[in-house]
file run18.txt (compact mmCIF, C-alpha atoms and all ligand atoms)
# COMPACT_ATOMS: atom_id res chain seq x y z
CA MET V 60 4.61 -6.36 29.26
CA SER V 61 4.78 -10.08 28.57
CA LEU V 62 8.05 -11.93 28.38
CA PHE V 63 7.65 -12.28 24.62
CA ASP V 64 7.08 -8.55 24.22
CA ARG V 65 10.16 -7.93 26.29
CA ILE V 66 12.23 -10.24 24.11
CA GLU V 67 10.78 -8.64 21.00
CA ARG V 68 11.88 -5.25 22.23
CA LEU V 69 15.33 -6.60 23.05
CA MET V 70 15.51 -7.88 19.51
CA GLY V 71 15.03 -4.38 18.26
CA ALA V 72 11.31 -4.17 17.45
CA GLN V 73 10.61 -0.63 16.28
CA PRO V 74 7.58 1.46 17.14
CA LYS V 75 4.99 0.96 14.40
CA SER V 76 6.04 2.95 11.37
CA LYS V 77 2.55 3.15 9.95
CA ASN V 78 1.67 5.64 12.65
CA ASP V 79 4.40 7.96 11.40
CA ALA V 80 3.12 7.51 7.87
CA LYS V 81 -0.42 8.37 8.82
CA GLN V 82 0.44 11.37 10.92
CA ARG V 83 2.81 12.84 8.34
CA LEU V 84 0.36 12.22 5.50
CA LYS V 85 -2.49 13.93 7.30
CA LEU V 86 -0.39 17.02 7.86
CA VAL V 87 1.07 17.21 4.38
CA LEU V 88 -2.36 16.74 2.79
CA LEU V 89 -3.81 19.60 4.82
CA HIS V 90 -1.05 21.85 3.55
CA ASP V 91 -1.42 20.53 -0.02
CA GLN V 92 -5.17 21.10 0.04
CA CYS V 93 -4.83 24.71 1.18
CA ASP V 94 -1.81 25.28 -0.99
CA ILE V 95 0.15 26.73 1.89
CA SER V 96 3.48 25.40 3.06
CA PRO V 97 4.32 25.05 6.74
CA LYS V 98 6.85 27.84 6.22
CA ARG V 99 4.22 30.26 4.85
CA LEU V 100 1.88 29.32 7.67
CA GLU V 101 4.56 30.27 10.14
CA GLU V 102 5.03 33.63 8.42
CA MET V 103 1.29 34.23 8.66
CA ARG V 104 1.36 33.34 12.33
CA GLU V 105 4.14 35.84 12.97
CA GLU V 106 2.24 38.57 11.17
CA ILE V 107 -1.00 37.90 13.01
CA VAL V 108 0.78 37.75 16.36
CA ALA V 109 2.46 41.07 15.56
CA VAL V 110 -0.94 42.67 15.00
CA MET V 111 -2.34 41.17 18.19
CA GLN V 112 0.60 42.43 20.13
CA LYS V 113 -0.48 45.98 19.36
CA TYR V 114 -3.49 45.32 21.57
CA VAL V 115 -2.56 42.71 24.15
CA GLU V 116 0.58 41.18 25.54
CA ILE V 117 1.05 37.77 23.99
CA ASP V 118 2.51 34.81 25.81
CA ARG V 119 4.86 33.53 23.10
CA GLU V 120 5.17 30.18 24.84
CA ALA V 121 1.44 29.60 24.53
CA ILE V 122 0.67 29.98 20.84
CA ASP V 123 -1.01 27.14 19.01
CA PHE V 124 -1.63 27.79 15.34
CA LYS V 125 -2.45 25.06 12.88
CA LEU V 126 -4.59 23.73 10.08
CA HIS V 127 -7.30 21.37 11.17
CA LYS V 128 -9.76 19.23 9.25
CA GLU V 129 -13.16 18.23 10.47
CA ASN V 130 -16.08 16.83 8.46
CA GLY V 131 -14.16 17.51 5.27
CA LYS V 132 -13.81 21.21 6.01
CA ILE V 133 -10.45 22.78 6.69
CA ALA V 134 -10.08 25.40 9.39
CA LEU V 135 -7.25 27.43 10.71
CA VAL V 136 -7.41 26.88 14.45
CA SER V 137 -5.44 29.01 16.81
CA THR V 138 -5.14 29.56 20.50
CA VAL V 139 -3.02 32.50 21.59
CA GLY V 140 -2.07 32.88 25.21
CA VAL V 141 -2.38 36.37 26.65
CA ASN V 142 -0.44 37.56 29.69
CA ARG V 143 -2.39 39.11 32.49
CA VAL V 144 -1.40 42.72 32.70
CA ASN V 145 -2.36 43.22 36.38
CA SER V 146 -0.16 40.38 37.56
CA ARG V 147 2.76 42.04 35.82
CA GLN V 148 1.96 45.38 37.49
CA VAL V 149 1.85 43.76 40.91
CA ALA V 150 5.11 41.98 40.42
CA MET S 176 -25.96 2.95 -20.67
CA PRO S 177 -22.44 2.82 -22.06
CA GLN S 178 -19.83 3.99 -19.60
CA CYS S 179 -16.27 5.25 -19.85
CA ILE S 180 -14.06 4.49 -16.85
CA VAL S 181 -10.65 6.11 -16.43
CA VAL S 182 -8.03 4.30 -14.32
CA THR S 183 -5.70 6.89 -12.84
CA SER S 184 -3.34 7.49 -9.90
CA GLY S 185 -1.08 10.51 -10.11
CA LYS S 186 2.00 8.59 -9.08
CA GLY S 187 3.60 6.28 -11.62
CA GLY S 188 4.04 2.55 -11.31
CA VAL S 189 1.26 1.86 -8.81
CA GLY S 190 -0.74 -0.51 -11.02
CA LYS S 191 -2.93 1.46 -13.46
CA THR S 192 -2.05 -0.64 -16.49
CA THR S 193 -2.36 -3.91 -14.54
CA THR S 194 -5.76 -2.77 -13.29
CA SER S 195 -6.98 -1.54 -16.70
CA ALA S 196 -6.05 -4.85 -18.33
CA ASN S 197 -7.67 -7.00 -15.63
CA LEU S 198 -10.80 -4.89 -15.38
CA GLY S 199 -11.20 -4.78 -19.15
CA CYS S 200 -10.82 -8.56 -19.44
CA GLY S 201 -13.01 -9.11 -16.37
CA LEU S 202 -15.86 -7.08 -17.85
CA ALA S 203 -15.56 -8.91 -21.17
CA LEU S 204 -15.61 -12.26 -19.34
CA ALA S 205 -18.82 -11.06 -17.69
CA GLY S 206 -20.30 -10.72 -21.17
CA TYR S 207 -19.91 -7.01 -21.88
CA ARG S 208 -18.47 -5.37 -24.97
CA VAL S 209 -15.30 -3.59 -23.86
CA ALA S 210 -12.85 -1.22 -25.55
CA MET S 211 -9.60 -0.51 -23.71
CA ILE S 212 -7.68 2.62 -24.63
CA ASP S 213 -4.00 3.00 -23.82
CA GLY S 214 -3.77 6.68 -22.86
CA ASP S 215 -0.03 6.55 -22.26
CA ILE S 216 1.15 8.02 -25.55
CA GLY S 217 4.87 7.54 -26.09
CA LEU S 218 5.11 4.90 -23.36
CA ARG S 219 2.55 2.31 -24.35
CA ASN S 220 2.35 -0.87 -22.30
CA LEU S 221 -1.24 -2.02 -22.15
CA ASP S 222 -0.65 -3.96 -25.40
CA LEU S 223 2.20 -5.87 -23.78
CA ILE S 224 0.33 -6.67 -20.57
CA LEU S 225 -2.54 -7.99 -22.70
CA GLY S 226 -0.23 -9.97 -24.99
CA LEU S 227 -1.42 -8.05 -28.06
CA GLU S 228 1.84 -6.25 -28.89
CA ASN S 229 2.45 -8.15 -32.14
CA ARG S 230 -0.91 -7.29 -33.61
CA ILE S 231 -0.71 -3.50 -33.68
CA VAL S 232 -1.12 -1.92 -37.10
CA TYR S 233 -2.55 1.51 -36.36
CA ASP S 234 -2.69 3.57 -33.16
CA LEU S 235 -4.77 6.20 -31.40
CA VAL S 236 -2.87 9.15 -32.88
CA GLN S 237 -3.36 7.83 -36.40
CA VAL S 238 -7.09 7.54 -35.75
CA ILE S 239 -7.22 11.11 -34.48
CA GLU S 240 -5.20 12.41 -37.40
CA GLY S 241 -7.51 10.64 -39.84
CA GLU S 242 -4.86 8.25 -41.21
CA CYS S 243 -7.12 5.29 -40.56
CA LYS S 244 -10.61 4.45 -39.40
CA LEU S 245 -11.27 3.79 -35.72
CA LYS S 246 -12.39 0.25 -36.61
CA GLN S 247 -9.07 -0.47 -38.35
CA ALA S 248 -7.05 0.50 -35.28
CA LEU S 249 -9.05 -1.57 -32.80
CA ILE S 250 -7.34 -4.89 -32.05
CA ARG S 251 -9.65 -7.75 -31.22
CA ASP S 252 -8.61 -9.88 -28.28
CA LYS S 253 -9.30 -13.46 -29.36
CA ARG S 254 -9.51 -14.80 -25.81
CA VAL S 255 -12.91 -13.27 -25.09
CA GLU S 256 -15.83 -12.17 -27.17
CA GLY S 257 -16.25 -8.42 -27.45
CA LEU S 258 -12.85 -7.28 -26.11
CA TYR S 259 -10.81 -4.72 -28.06
CA LEU S 260 -7.71 -2.57 -27.54
CA LEU S 261 -6.96 0.82 -29.03
CA PRO S 262 -3.17 1.08 -28.64
CA ALA S 263 -1.28 4.29 -27.92
CA ALA S 264 1.27 5.67 -30.37
CA GLN S 265 4.77 4.77 -29.35
CA THR S 266 6.79 7.31 -31.31
CA ARG S 267 4.66 10.40 -30.77
CA ASP S 268 4.30 12.59 -27.75
CA LYS S 269 1.19 13.24 -25.74
CA ASN S 270 0.69 16.70 -27.21
CA ALA S 271 -0.33 15.04 -30.49
CA VAL S 272 -3.74 14.52 -28.86
CA LYS S 273 -6.12 17.20 -27.59
CA PRO S 274 -8.86 16.66 -25.02
CA ASP S 275 -11.54 17.39 -27.63
CA ASP S 276 -10.16 14.62 -29.88
CA MET S 277 -10.37 12.13 -27.03
CA LYS S 278 -13.86 13.19 -26.15
CA ARG S 279 -15.03 12.64 -29.72
CA LEU S 280 -13.26 9.29 -29.96
CA ILE S 281 -14.74 7.99 -26.71
CA GLY S 282 -18.17 9.21 -27.78
CA GLU S 283 -17.81 7.18 -30.94
CA LEU S 284 -16.69 4.05 -29.02
CA LYS S 285 -19.64 4.35 -26.67
CA GLU S 286 -21.95 3.85 -29.65
CA THR S 287 -20.77 0.23 -30.00
CA PHE S 288 -19.30 -0.70 -26.60
CA ASP S 289 -20.77 -1.12 -23.13
CA PHE S 290 -17.53 -0.08 -21.43
CA VAL S 291 -14.58 2.03 -22.48
CA ILE S 292 -11.60 1.68 -20.11
CA VAL S 293 -8.91 4.36 -20.33
CA ASP S 294 -5.47 3.52 -18.93
CA CYS S 295 -4.25 6.94 -17.83
CA PRO S 296 -0.55 7.85 -17.79
CA ALA S 297 1.16 8.97 -14.58
CA GLY S 298 1.19 12.66 -13.75
CA ILE S 299 -1.38 15.43 -13.99
CA GLU S 300 -0.33 16.97 -17.31
CA GLN S 301 -1.70 16.68 -20.83
CA GLY S 302 -1.93 12.88 -20.79
CA PHE S 303 -4.04 12.98 -17.64
CA LYS S 304 -6.29 15.66 -19.09
CA ASN S 305 -6.76 13.68 -22.29
CA SER S 306 -7.59 10.54 -20.33
CA ILE S 307 -10.10 12.08 -17.99
CA VAL S 308 -12.01 14.30 -20.41
CA GLY S 309 -14.28 11.59 -21.83
CA ALA S 310 -14.75 9.64 -18.60
CA ASP S 311 -18.03 9.11 -16.79
CA ARG S 312 -16.38 7.48 -13.82
CA ALA S 313 -12.87 7.40 -12.30
CA ILE S 314 -11.04 4.63 -10.48
CA ILE S 315 -8.00 5.76 -8.53
CA VAL S 316 -5.26 3.21 -7.89
CA THR S 317 -2.93 3.67 -4.95
CA THR S 318 -0.50 1.60 -2.93
CA PRO S 319 -0.26 1.80 0.88
CA GLU S 320 2.69 4.19 0.67
CA VAL S 321 2.85 7.84 1.66
CA SER S 322 3.86 9.19 -1.76
CA ALA S 323 1.19 7.23 -3.67
CA ILE S 324 -1.51 8.29 -1.21
CA ARG S 325 -0.49 11.93 -1.36
CA ASP S 326 -0.70 11.87 -5.15
CA ALA S 327 -4.02 10.02 -5.02
CA ASP S 328 -5.41 12.81 -2.87
CA ARG S 329 -4.39 15.34 -5.52
CA ILE S 330 -6.19 13.27 -8.14
CA VAL S 331 -9.35 13.09 -6.02
CA GLY S 332 -9.46 16.90 -6.12
CA LEU S 333 -8.83 17.03 -9.87
CA VAL S 334 -11.50 14.41 -10.59
CA GLU S 335 -14.00 16.44 -8.61
CA ALA S 336 -12.93 19.58 -10.47
CA HIS S 337 -13.81 17.78 -13.72
CA GLU S 338 -17.33 17.31 -12.39
CA LEU S 339 -17.12 13.55 -12.40
CA PRO S 340 -18.87 11.56 -9.69
CA GLU S 341 -16.86 10.72 -6.58
CA PRO S 342 -13.92 8.51 -7.64
CA GLU S 343 -13.54 4.97 -6.31
CA LEU S 344 -10.36 3.57 -4.81
CA ILE S 345 -8.30 0.45 -5.44
CA ILE S 346 -5.58 -0.27 -2.91
CA ASN S 347 -2.92 -2.26 -4.76
CA ARG S 348 0.16 -4.10 -3.54
CA TYR S 349 -1.31 -4.68 -0.09
CA ARG S 350 1.01 -6.66 2.17
CA GLY S 351 -0.98 -8.29 4.93
CA GLY S 352 2.10 -9.30 6.90
CA MET S 353 3.44 -5.75 7.05
CA VAL S 354 -0.01 -4.46 7.94
CA ALA S 355 -0.33 -6.96 10.80
CA ARG S 356 3.07 -5.87 12.07
CA GLY S 357 2.09 -2.19 11.92
CA ASP S 358 4.60 -1.34 9.23
CA MET S 359 2.05 -0.62 6.54
CA MET S 360 -1.09 1.49 6.69
CA ASN S 361 -4.15 -0.73 6.66
CA LYS S 362 -7.33 -0.34 4.65
CA ASP S 363 -9.03 1.81 7.29
CA ASP S 364 -6.01 4.09 7.73
CA ILE S 365 -5.99 4.77 4.00
CA LEU S 366 -9.74 5.29 3.77
CA GLU S 367 -9.63 7.67 6.71
CA ILE S 368 -7.15 9.80 4.79
CA LEU S 369 -8.56 9.64 1.28
CA ALA S 370 -12.25 9.49 2.25
CA ILE S 371 -13.54 7.97 -1.00
CA PRO S 372 -15.34 4.63 -1.44
CA LEU S 373 -13.19 1.52 -1.71
CA ILE S 374 -13.88 -0.65 -4.75
CA GLY S 375 -11.12 -3.19 -4.28
CA MET S 376 -7.89 -4.41 -2.77
CA VAL S 377 -5.18 -6.33 -4.57
CA PRO S 378 -2.41 -8.12 -2.69
CA ASP S 379 1.24 -7.59 -3.55
CA HIS S 380 1.86 -10.84 -5.34
CA GLU S 381 4.18 -12.51 -7.84
CA ASP S 382 1.18 -13.46 -10.00
CA VAL S 383 1.19 -9.89 -11.34
CA ILE S 384 4.68 -10.35 -12.74
CA ILE S 385 4.02 -13.88 -13.99
CA SER S 386 0.89 -12.79 -15.82
CA ALA S 387 2.74 -9.83 -17.31
CA ASN S 388 5.48 -12.18 -18.48
CA LYS S 389 2.90 -14.24 -20.33
CA GLY S 390 0.75 -11.38 -21.58
CA GLN S 391 -2.23 -13.03 -19.93
CA PRO S 392 -3.96 -10.93 -17.21
CA ALA S 393 -4.42 -12.75 -13.90
CA VAL S 394 -8.20 -12.39 -14.08
CA PHE S 395 -8.20 -15.29 -16.58
CA ASP S 396 -6.47 -17.53 -14.03
CA GLU S 397 -9.06 -19.23 -11.82
CA ALA S 398 -6.42 -20.26 -9.27
CA SER S 399 -4.79 -16.86 -8.83
CA VAL S 400 -5.45 -14.71 -5.74
CA VAL S 401 -4.76 -11.63 -7.85
CA GLY S 402 -7.21 -12.91 -10.44
CA ALA S 403 -9.79 -13.43 -7.70
CA ALA S 404 -9.22 -9.89 -6.46
CA TYR S 405 -9.84 -8.50 -9.95
CA ARG S 406 -12.90 -10.71 -10.46
CA ARG S 407 -14.38 -9.19 -7.29
CA ILE S 408 -13.45 -5.70 -8.49
CA THR S 409 -15.21 -6.38 -11.78
CA GLN S 410 -18.37 -7.42 -9.95
CA ARG S 411 -18.26 -4.28 -7.80
CA VAL S 412 -17.78 -2.11 -10.88
CA LEU S 413 -20.95 -3.73 -12.18
CA GLY S 414 -22.73 -2.65 -9.01
CA GLU S 415 -22.73 -5.95 -7.14
CA ASP S 416 -22.16 -5.98 -3.41
CA VAL S 417 -19.16 -8.27 -2.89
CA PRO S 418 -17.59 -8.48 0.58
CA MET S 419 -13.96 -7.39 0.94
CA PRO S 420 -11.83 -10.28 2.23
CA ASN S 421 -9.43 -9.64 5.06
CA PHE S 422 -5.89 -9.59 3.75
CA ASP S 423 -4.23 -8.90 7.09
CA ARG S 424 -1.89 -11.67 8.15
CA GLN S 425 -1.96 -12.13 11.90
CA ASP S 426 0.41 -15.08 11.56
CA GLU S 427 3.09 -12.60 10.60
CA ILE S 428 3.18 -11.02 14.04
CA GLY S 429 4.12 -12.13 17.50
CA PHE S 430 7.15 -13.73 18.99
CA LEU S 431 7.63 -16.60 16.56
CA ALA S 432 7.31 -14.45 13.46
CA THR S 433 9.74 -11.93 14.90
CA MET S 434 12.09 -14.73 15.78
CA LYS S 435 11.92 -16.07 12.23
CA ARG S 436 12.37 -12.66 10.72
CA TRP S 437 15.28 -12.00 13.02
CA MET S 438 16.93 -15.18 11.89
CA GLY S 439 16.15 -14.39 8.26
CA LEU S 440 13.86 -17.35 7.89
CA ALA S 441 10.63 -15.56 7.11
CA ALA S 442 9.31 -16.31 3.66
CA ARG S 443 10.28 -13.43 1.47
CA GLU S 444 7.23 -13.43 -0.68
CA ALA S 445 4.86 -13.49 2.29
CA VAL S 446 2.10 -10.96 1.68
N1 LIG Q 501 -0.25 -6.28 -6.94
C1 LIG Q 501 1.00 -6.27 -7.40
N2 LIG Q 501 1.92 -7.16 -6.94
C2 LIG Q 501 3.18 -7.17 -7.41
N3 LIG Q 501 3.64 -6.35 -8.36
C3 LIG Q 501 2.80 -5.43 -8.86
C4 LIG Q 501 1.44 -5.34 -8.41
N4 LIG Q 501 0.85 -4.34 -9.09
C5 LIG Q 501 1.77 -3.82 -9.92
N5 LIG Q 501 2.95 -4.47 -9.79
C6 LIG Q 501 4.18 -4.20 -10.55
O1 LIG Q 501 4.40 -2.81 -10.53
C7 LIG Q 501 4.87 -2.38 -11.77
C8 LIG Q 501 4.00 -1.25 -12.31
O2 LIG Q 501 2.71 -1.74 -12.61
P1 LIG Q 501 1.83 -1.05 -13.74
O3 LIG Q 501 2.57 -0.96 -15.02
O4 LIG Q 501 0.50 -1.70 -13.75
O5 LIG Q 501 1.71 0.42 -13.11
P2 LIG Q 501 1.27 1.77 -13.82
O6 LIG Q 501 0.57 2.56 -12.75
O7 LIG Q 501 0.49 1.50 -15.05
O8 LIG Q 501 2.67 2.42 -14.19
P3 LIG Q 501 2.92 3.73 -15.10
O9 LIG Q 501 2.61 4.90 -14.21
O10 LIG Q 501 4.35 3.63 -15.47
O11 LIG Q 501 1.99 3.64 -16.27
C9 LIG Q 501 4.91 -3.57 -12.69
O12 LIG Q 501 6.22 -4.02 -12.75
C10 LIG Q 501 4.03 -4.58 -11.99
O13 LIG Q 501 4.45 -5.88 -12.23
MG MG Q 502 0.82 2.25 -17.05
call {"tool": "encode", "arguments": {"input": "run18.txt", "output": "structure tokens"}}
result
Amino acid sequence: MSLFDRIERLMGAQPKSKNDAKQRLKLVLLHDQCDISPKRLEEMREEIVAVMQKYVEIDREAIDFKLHKENGKIALVSTVGVNRVNSRQVA
Amino acid sequence: MPQCIVVTSGKGGVGKTTTSANLGCGLALAGYRVAMIDGDIGLRNLDLILGLENRIVYDLVQVIEGECKLKQALIRDKRVEGLYLLPAAQTRDKNAVKPDDMKRLIGELKETFDFVIVDCPAGIEQGFKNSIVGADRAIIVTTPEVSAIRDADRIVGLVEAHELPEPELIINRYRGGMVARGDMMNKDDILEILAIPLIGMVPDHEDVIISANKGQPAVFDEASVVGAAYRRITQRVLGEDVPMPNFDRQDEIGFLATMKRWMGLAAREAV
């Protein structure tokens, strides 16, 4: 960090707000385009996880569930962590 | 081939009327016959921005209701050959007009004009539907702000649902100093999000207010940066390949600029 940068920071320079704008816009547009609110998405996640739990033991700390856009197409991308059953039996 | 262009945005107050007026005048200056329609029924303003407010006799609703002929309602702008305005009704509401009426009216105008420019009202209700129904092409105006961009994205979807070609984007009220500082999304950030072709950028500038005060669109003013921006937009609308100047202001960043800003010395109107 240069001296000037350091002084700038001392003078209260904020992190660039346009990055917040961009990130928030991208997310809200994904939800707008699918017509599903973040709240509804969460409800869907809970329901899907409940179904999965009938078959495998889910690691609740390792669930990633979100809308994703690539090449203009929107996808629901999810990674769900599964606990290893044998390790539990050994323990 | 005659063409009807709708200027729309979703969000209000982002520069549709300013753009319609400048584009209409720009096309007429380029030698085309242009009819501008104020689609904002009940809240007309295009007449005022063009300085034609004292010359209104009939309006769009009266034409549609058969109270007068289309020709009688068209106001000729004396500044340029071939430029006309069809004003909106001020004391009626937008439900006085149906999409089919607009379609017929625009069809009729396209028999005598090269371009019909429709200044769309804000929102996505009846007034939007009326404005878009006769269009062959849509220009979406946005500003570099989250709410305007979100609404523009909605409009992109609606334009596509109306089976119009891909809309083109104008980024208005661009502030190069804020962009350089990272406090405003730049051109590429916005294009990454909206993913439609860019047809122009207009700086945030006092000339817009001054020209509105006078009723003389900036495109007539050879010395104006806003006028220059709209002259380039006009050329691009006509299919010419005009490079996009860089509006970002690097002189607004760095230690000295921060120092000035901190001490309240930075020029307020800096774009
Ligand atoms: N590039 C600019 N620089 C500075 N001021 C601007 C600029 N563009 C628009 N404005 C101001 O913003 C206001 C709204 O502009 P305008 O009437 O063109 O927007 P609009 O989209 O037609 O609004 P509405 O949705 O109400 O019809 C006006 O006061 C105008 O002077
Ligand atoms: Mg307007």
call {"tool": "residues_around", "arguments": {"input": "run18.txt", "residues": "V:Ile122", "least_positions_apart": "3", "cutoff": "10 Å", "atoms": "only C-alpha atoms", "output": "ChimeraX atom specification"}}
result
/V:104,108,117-119,125,137-141
call {"tool": "atom_distance", "arguments": {"input": "run18.txt", "atom1": "atom CA of S:Leu413", "atom2": "atom CA of S:Asp275"}}
result
27.8 Å
call {"tool": "closest_atom_pairs", "arguments": {"input": "run18.txt", "of": "chain S", "to": "chain V", "cutoff": "10 Å", "atoms": "all atoms listed in the file", "output": "tab-separated table"}}
result
residue	atom	partner	partner_atom	distance
S:Pro319	CA	V:Lys77	CA	9.6
S:Glu320	CA	V:Ala80	CA	7.9
S:Val321	CA	V:Ala80	CA	6.2
S:Ser322	CA	V:Leu84	CA	8.6
S:Ile324	CA	V:Leu84	CA	8.0
S:Arg325	CA	V:Leu88	CA	6.6
S:Asp326	CA	V:Leu88	CA	9.5
S:Asp328	CA	V:Leu88	CA	7.5
S:Arg329	CA	V:Gln92	CA	8.0
S:Gly332	CA	V:Gln92	CA	8.6
S:Met353	CA	V:Lys77	CA	9.4
S:Val354	CA	V:Lys77	CA	8.3
S:Arg356	CA	V:Lys75	CA	7.5
S:Gly357	CA	V:Lys75	CA	4.9
S:Asp358	CA	V:Lys77	CA	5.0
S:Met359	CA	V:Lys77	CA	5.1
S:Met360	CA	V:Lys77	CA	5.2
S:Asn361	CA	V:Lys77	CA	8.4
S:Asp364	CA	V:Lys81	CA	7.1
S:Ile365	CA	V:Lys81	CA	8.2
S:Glu367	CA	V:Lys81	CA	9.5
S:Ile368	CA	V:Lys85	CA	6.7
S:Leu369	CA	V:Leu88	CA	9.5
S:Ala370	CA	V:Gly131	CA	8.8
S:Gly429	CA	V:Phe63	CA	7.9
S:Phe430	CA	V:Phe63	CA	5.8
S:Leu431	CA	V:Phe63	CA	9.1
S:Thr433	CA	V:Glu67	CA	7.0
S:Met434	CA	V:Glu67	CA	8.1
S:Trp437	CA	V:Met70	CA	7.7
call {"tool": "write_last_selection", "arguments": {"input": "run18.txt", "atoms": "C-alpha atoms", "output": "PDB file, in the coordinates of the input"}}
result
ATOM      1  CA  PRO S 319      -0.260   1.800   0.880  1.00  0.00           C
ATOM      2  CA  GLU S 320       2.690   4.190   0.670  1.00  0.00           C
ATOM      3  CA  VAL S 321       2.850   7.840   1.660  1.00  0.00           C
ATOM      4  CA  SER S 322       3.860   9.190  -1.760  1.00  0.00           C
ATOM      5  CA  ILE S 324      -1.510   8.290  -1.210  1.00  0.00           C
ATOM      6  CA  ARG S 325      -0.490  11.930  -1.360  1.00  0.00           C
ATOM      7  CA  ASP S 326      -0.700  11.870  -5.150  1.00  0.00           C
ATOM      8  CA  ASP S 328      -5.410  12.810  -2.870  1.00  0.00           C
ATOM      9  CA  ARG S 329      -4.390  15.340  -5.520  1.00  0.00           C
ATOM     10  CA  GLY S 332      -9.460  16.900  -6.120  1.00  0.00           C
ATOM     11  CA  MET S 353       3.440  -5.750   7.050  1.00  0.00           C
ATOM     12  CA  VAL S 354      -0.010  -4.460   7.940  1.00  0.00           C
ATOM     13  CA  ARG S 356       3.070  -5.870  12.070  1.00  0.00           C
ATOM     14  CA  GLY S 357       2.090  -2.190  11.920  1.00  0.00           C
ATOM     15  CA  ASP S 358       4.600  -1.340   9.230  1.00  0.00           C
ATOM     16  CA  MET S 359       2.050  -0.620   6.540  1.00  0.00           C
ATOM     17  CA  MET S 360      -1.090   1.490   6.690  1.00  0.00           C
ATOM     18  CA  ASN S 361      -4.150  -0.730   6.660  1.00  0.00           C
ATOM     19  CA  ASP S 364      -6.010   4.090   7.730  1.00  0.00           C
ATOM     20  CA  ILE S 365      -5.990   4.770   4.000  1.00  0.00           C
ATOM     21  CA  GLU S 367      -9.630   7.670   6.710  1.00  0.00           C
ATOM     22  CA  ILE S 368      -7.150   9.800   4.790  1.00  0.00           C
ATOM     23  CA  LEU S 369      -8.560   9.640   1.280  1.00  0.00           C
ATOM     24  CA  ALA S 370     -12.250   9.490   2.250  1.00  0.00           C
ATOM     25  CA  GLY S 429       4.120 -12.130  17.500  1.00  0.00           C
ATOM     26  CA  PHE S 430       7.150 -13.730  18.990  1.00  0.00           C
ATOM     27  CA  LEU S 431       7.630 -16.600  16.560  1.00  0.00           C
ATOM     28  CA  THR S 433       9.740 -11.930  14.900  1.00  0.00           C
ATOM     29  CA  MET S 434      12.090 -14.730  15.780  1.00  0.00           C
ATOM     30  CA  TRP S 437      15.280 -12.000  13.020  1.00  0.00           C
TER      31      TRP S 437
END
call {"tool": "closest_atom_pairs", "arguments": {"input": "run18.txt", "of": "chain S", "to": "ligand LIG 501 (chain Q)", "cutoff": "7 Å", "atoms": "only C-alpha atoms and all ligand atoms", "output": "CSV"}}
result
residue,atom,partner,partner_atom,distance
S:Ser184,CA,Q:LIG501,O6,6.9
S:Lys186,CA,Q:LIG501,O9,6.3
S:Gly187,CA,Q:LIG501,O9,3.1
S:Gly188,CA,Q:LIG501,O8,3.2
S:Val189,CA,Q:LIG501,O6,4.1
S:Gly190,CA,Q:LIG501,O4,3.2
S:Lys191,CA,Q:LIG501,O6,3.7
S:Thr192,CA,Q:LIG501,O7,3.6
S:Thr193,CA,Q:LIG501,O4,3.7
S:Thr194,CA,Q:LIG501,O4,6.4
S:Asp215,CA,Q:LIG501,O11,7.0
S:Pro296,CA,Q:LIG501,O11,5.1
S:Ala297,CA,Q:LIG501,O9,4.3
S:Asn347,CA,Q:LIG501,N1,5.3
S:Arg348,CA,Q:LIG501,N1,4.1
S:Val377,CA,Q:LIG501,N1,5.5
S:Pro378,CA,Q:LIG501,N1,5.1
S:Asp379,CA,Q:LIG501,N2,3.5
S:His380,CA,Q:LIG501,N2,4.0
S:Glu381,CA,Q:LIG501,C2,5.4
S:Val383,CA,Q:LIG501,C2,5.2
S:Ile384,CA,Q:LIG501,O13,4.5
S:Ala387,CA,Q:LIG501,O13,6.7
call {"tool": "atom_distance", "arguments": {"input": "run18.txt", "atom1": "atom CA of S:Phe395", "atom2": "atom CA of S:Leu366"}}
result
29.0 Å
call {"tool": "atom_distance", "arguments": {"input": "run18.txt", "atom1": "atom CA of S:Arg312", "atom2": "atom CA of S:Ile216"}}
result
21.1 Å
call {"tool": "residues_around", "arguments": {"input": "run18.txt", "residues": "S:Arg407", "least_positions_apart": "2", "cutoff": "9 Å", "atoms": "all atoms listed in the file", "output": "list in words"}}
result
Ile374, Gly375, Gly402, Ala403, Ala404, Tyr405, Thr409, Gln410, Arg411, Val412, Glu415, Val417, Pro418 and Met419 of chain S
call {"tool": "residues_around", "arguments": {"input": "run18.txt", "residues": "S:Arg267", "least_positions_apart": "2", "cutoff": "10 Å", "atoms": "all atoms listed in the file", "output": "list in words"}}
result
Ile216, Gly217, Leu218, Val236, Ala263, Ala264, Gln265, Lys269, Asn270, Ala271 and Val272 of chain S
call {"tool": "write_last_selection", "arguments": {"input": "run18.txt", "atoms": "C-alpha atoms", "output": "mmCIF file, keeping the file's coordinate frame"}}
result
data_model
loop_
_atom_site.group_PDB
_atom_site.id
_atom_site.type_symbol
_atom_site.label_atom_id
_atom_site.label_comp_id
_atom_site.auth_asym_id
_atom_site.auth_seq_id
_atom_site.Cartn_x
_atom_site.Cartn_y
_atom_site.Cartn_z
ATOM 1 C CA ILE S 216 1.150 8.020 -25.550
ATOM 2 C CA GLY S 217 4.870 7.540 -26.090
ATOM 3 C CA LEU S 218 5.110 4.900 -23.360
ATOM 4 C CA VAL S 236 -2.870 9.150 -32.880
ATOM 5 C CA ALA S 263 -1.280 4.290 -27.920
ATOM 6 C CA ALA S 264 1.270 5.670 -30.370
ATOM 7 C CA GLN S 265 4.770 4.770 -29.350
ATOM 8 C CA LYS S 269 1.190 13.240 -25.740
ATOM 9 C CA ASN S 270 0.690 16.700 -27.210
ATOM 10 C CA ALA S 271 -0.330 15.040 -30.490
ATOM 11 C CA VAL S 272 -3.740 14.520 -28.860
#
